Amino acid sequence: MSLNVDGAWSVHDPKAACGGILRDHVKDNFKELLHADWKYICSVVQSELWVIFHGINLAREHGFSSLEIHSDSKDVIRMVKGLKDLHVRDKCTVDATKACIVPLMNVHFVHVFRVRNKVADHLLSMVCP
């Protein structure tokens, strides 16, 4: 099972959005599309943490015990792994994400470049042009 995620923030309208796709081992078979569009201000980091949090919970709902998370944000990956200091505003979301990972037996984070994360990026381009 893999989860491709992306977060975005628009300079024209101060809102954030996140998108993701939860897929099984056959990459063309997607299980869920994740999408959120917020009317309040938050950071790109927070939006990407939020979609990871929800993606992990959806994977658990589908009964998967292994998940590979693909993100183009090295900072987010390092935060969740505990390798980067947290800003106060990100601490609650990171803590909640870590807490939902524990019951999942095997979670692996993979940094991917934006061009390899096209589906999640495309979901966001519809919300934050």
# chains A, B, ... in the order shown; residues from 1 in each chain; ligands from 1

$ residues_around --residues "range 81-89 of chain A" --least-positions-apart "4" --cutoff "10 Å" --atoms "only C-alpha atoms" --output "mmCIF file with C-alpha atoms, in the first residue's frame"
data_model
loop_
_atom_site.group_PDB
_atom_site.id
_atom_site.type_symbol
_atom_site.label_atom_id
_atom_site.label_comp_id
_atom_site.auth_asym_id
_atom_site.auth_seq_id
_atom_site.Cartn_x
_atom_site.Cartn_y
_atom_site.Cartn_z
ATOM 1 C CA CYS A 42 -1.878 27.306 7.757
ATOM 2 C CA SER A 43 1.521 26.357 6.393
ATOM 3 C CA VAL A 45 4.078 21.804 6.213
ATOM 4 C CA GLN A 46 0.889 21.618 8.276
ATOM 5 C CA LYS A 74 12.101 16.345 3.140
ATOM 6 C CA ASP A 75 11.264 18.584 6.108
ATOM 7 C CA VAL A 76 7.950 16.833 6.788
ATOM 8 C CA ILE A 77 9.569 13.405 6.574
ATOM 9 C CA THR A 93 -0.016 17.558 14.109
ATOM 10 C CA VAL A 94 3.341 15.741 14.230
ATOM 11 C CA LYS A 98 3.315 9.698 15.173
ATOM 12 C CA HIS A 108 8.178 3.722 5.542
ATOM 13 C CA PHE A 109 8.691 7.291 4.323
#

$ residues_around --residues "Gly55 in chain A" --least-positions-apart "3" --cutoff "9 Å" --atoms "only C-alpha atoms" --output "PyMOL selection string"
chain A and resi 3-5+20-22+32+34+50-52+58-60+69

$ write_last_selection --atoms "all heavy atoms" --output "CSV table (one decimal), in the first residue's frame"
chain,number,residue,atom,x,y,z
A,3,LEU,N,1.0,5.7,-0.2
A,3,LEU,CA,0.2,6.9,0.0
A,3,LEU,C,1.1,8.0,-0.6
A,3,LEU,O,2.2,8.2,-0.1
A,3,LEU,CB,0.0,7.2,1.5
A,3,LEU,CG,-0.6,8.6,1.9
A,3,LEU,CD1,-2.0,8.7,1.3
A,3,LEU,CD2,-0.6,8.8,3.4
A,4,ASN,N,0.6,8.7,-1.6
A,4,ASN,CA,1.3,9.8,-2.2
A,4,ASN,C,0.6,11.1,-1.7
A,4,ASN,O,-0.6,11.2,-1.8
A,4,ASN,CB,1.3,9.8,-3.7
A,4,ASN,CG,2.1,8.7,-4.3
A,4,ASN,OD1,1.7,7.5,-4.2
A,4,ASN,ND2,3.2,9.0,-4.9
A,5,VAL,N,1.4,12.0,-1.1
A,5,VAL,CA,0.8,13.2,-0.5
A,5,VAL,C,1.5,14.5,-1.0
A,5,VAL,O,2.6,14.4,-1.5
A,5,VAL,CB,0.9,13.2,1.0
A,5,VAL,CG1,0.2,12.0,1.6
A,5,VAL,CG2,2.4,13.1,1.5
A,20,GLY,N,-3.9,13.7,-1.6
A,20,GLY,CA,-3.2,12.5,-1.6
A,20,GLY,C,-4.0,11.4,-2.2
A,20,GLY,O,-5.2,11.5,-2.5
A,21,ILE,N,-3.3,10.3,-2.5
A,21,ILE,CA,-3.9,9.1,-3.1
A,21,ILE,C,-3.4,7.9,-2.4
A,21,ILE,O,-2.2,7.7,-2.2
A,21,ILE,CB,-3.7,9.1,-4.6
A,21,ILE,CG1,-4.5,7.9,-5.2
A,21,ILE,CG2,-2.3,9.0,-5.0
A,21,ILE,CD1,-4.6,7.9,-6.7
A,22,LEU,N,-4.3,7.1,-1.9
A,22,LEU,CA,-4.0,5.8,-1.3
A,22,LEU,C,-4.2,4.7,-2.3
A,22,LEU,O,-5.3,4.5,-2.8
A,22,LEU,CB,-4.9,5.6,-0.1
A,22,LEU,CG,-4.6,4.5,0.9
A,22,LEU,CD1,-3.3,4.7,1.6
A,22,LEU,CD2,-5.7,4.5,1.9
A,32,GLU,N,-8.5,5.4,-2.2
A,32,GLU,CA,-9.1,6.6,-1.7
A,32,GLU,C,-8.3,7.8,-2.3
A,32,GLU,O,-7.1,7.8,-2.4
A,32,GLU,CB,-9.0,6.7,-0.2
A,32,GLU,CG,-9.7,5.7,0.6
A,32,GLU,CD,-11.2,6.0,0.8
A,32,GLU,OE1,-11.6,7.1,0.6
A,32,GLU,OE2,-11.9,5.1,1.2
A,34,LEU,N,-7.6,11.7,-1.3
A,34,LEU,CA,-7.7,12.5,-0.1
A,34,LEU,C,-7.6,14.0,-0.6
A,34,LEU,O,-6.8,14.3,-1.4
A,34,LEU,CB,-6.6,12.3,0.9
A,34,LEU,CG,-6.4,10.8,1.3
A,34,LEU,CD1,-5.1,10.6,2.0
A,34,LEU,CD2,-7.5,10.5,2.3
A,50,TRP,N,-1.1,17.0,7.7
A,50,TRP,CA,-2.5,16.7,7.9
A,50,TRP,C,-2.9,15.5,6.9
A,50,TRP,O,-3.6,14.6,7.3
A,50,TRP,CB,-3.4,17.9,7.6
A,50,TRP,CG,-4.8,17.8,7.9
A,50,TRP,CD1,-5.8,17.8,7.1
A,50,TRP,CD2,-5.4,17.6,9.2
A,50,TRP,NE1,-7.0,17.7,7.7
A,50,TRP,CE2,-6.8,17.5,9.1
A,50,TRP,CE3,-4.9,17.5,10.5
A,50,TRP,CZ2,-7.6,17.4,10.1
A,50,TRP,CZ3,-5.7,17.4,11.6
A,50,TRP,CH2,-7.1,17.3,11.4
A,51,VAL,N,-2.5,15.6,5.7
A,51,VAL,CA,-2.9,14.5,4.7
A,51,VAL,C,-2.2,13.2,5.0
A,51,VAL,O,-2.7,12.1,4.8
A,51,VAL,CB,-2.7,15.0,3.2
A,51,VAL,CG1,-1.2,15.0,2.9
A,51,VAL,CG2,-3.5,14.1,2.3
A,52,ILE,N,-1.0,13.3,5.6
A,52,ILE,CA,-0.3,12.1,6.0
A,52,ILE,C,-1.1,11.4,7.2
A,52,ILE,O,-1.3,10.2,7.2
A,52,ILE,CB,1.2,12.3,6.4
A,52,ILE,CG1,2.0,12.7,5.2
A,52,ILE,CG2,1.8,11.2,7.2
A,52,ILE,CD1,3.4,13.2,5.5
A,58,LEU,N,-6.7,6.1,7.1
A,58,LEU,CA,-7.5,5.4,6.0
A,58,LEU,C,-6.9,4.1,5.7
A,58,LEU,O,-7.6,3.1,5.5
A,58,LEU,CB,-7.5,6.3,4.7
A,58,LEU,CG,-8.6,7.4,4.7
A,58,LEU,CD1,-8.4,8.3,3.5
A,58,LEU,CD2,-10.0,6.7,4.7
A,59,ALA,N,-5.6,4.0,5.6
A,59,ALA,CA,-4.9,2.7,5.4
A,59,ALA,C,-5.3,1.7,6.5
A,59,ALA,O,-5.6,0.5,6.2
A,59,ALA,CB,-3.4,2.9,5.3
A,60,ARG,N,-5.3,2.2,7.7
A,60,ARG,CA,-5.7,1.3,8.8
A,60,ARG,C,-7.2,0.9,8.6
A,60,ARG,O,-7.5,-0.3,8.9
A,60,ARG,CB,-5.5,2.0,10.2
A,60,ARG,CG,-4.1,2.1,10.5
A,60,ARG,CD,-3.8,2.8,11.8
A,60,ARG,NE,-4.7,2.5,12.9
A,60,ARG,CZ,-5.0,3.4,13.8
A,60,ARG,NH1,-4.4,4.6,13.8
A,60,ARG,NH2,-5.8,3.2,14.8
A,69,ILE,N,4.9,5.9,2.4
A,69,ILE,CA,4.4,7.2,2.2
A,69,ILE,C,5.4,8.0,1.4
A,69,ILE,O,6.6,8.1,1.7
A,69,ILE,CB,4.2,7.9,3.6
A,69,ILE,CG1,3.1,7.2,4.4
A,69,ILE,CG2,3.8,9.4,3.4
A,69,ILE,CD1,3.0,7.6,5.8

$ closest_residue --among "A:Val110, A:Ala96, A:Val80, A:Val44" --to "Gly7 in chain A" --atoms "only C-alpha atoms"
A:Val44

$ atom_distance --atom1 "CA of Phe53 in chain A" --atom2 "CA of Ala99 in chain A"
9.3 Å

$ closest_residue --among "A:Val11, A:Cys18, A:Met1, A:Ile56" --to "Val102 in chain A" --atoms "only C-alpha atoms"
A:Ile56
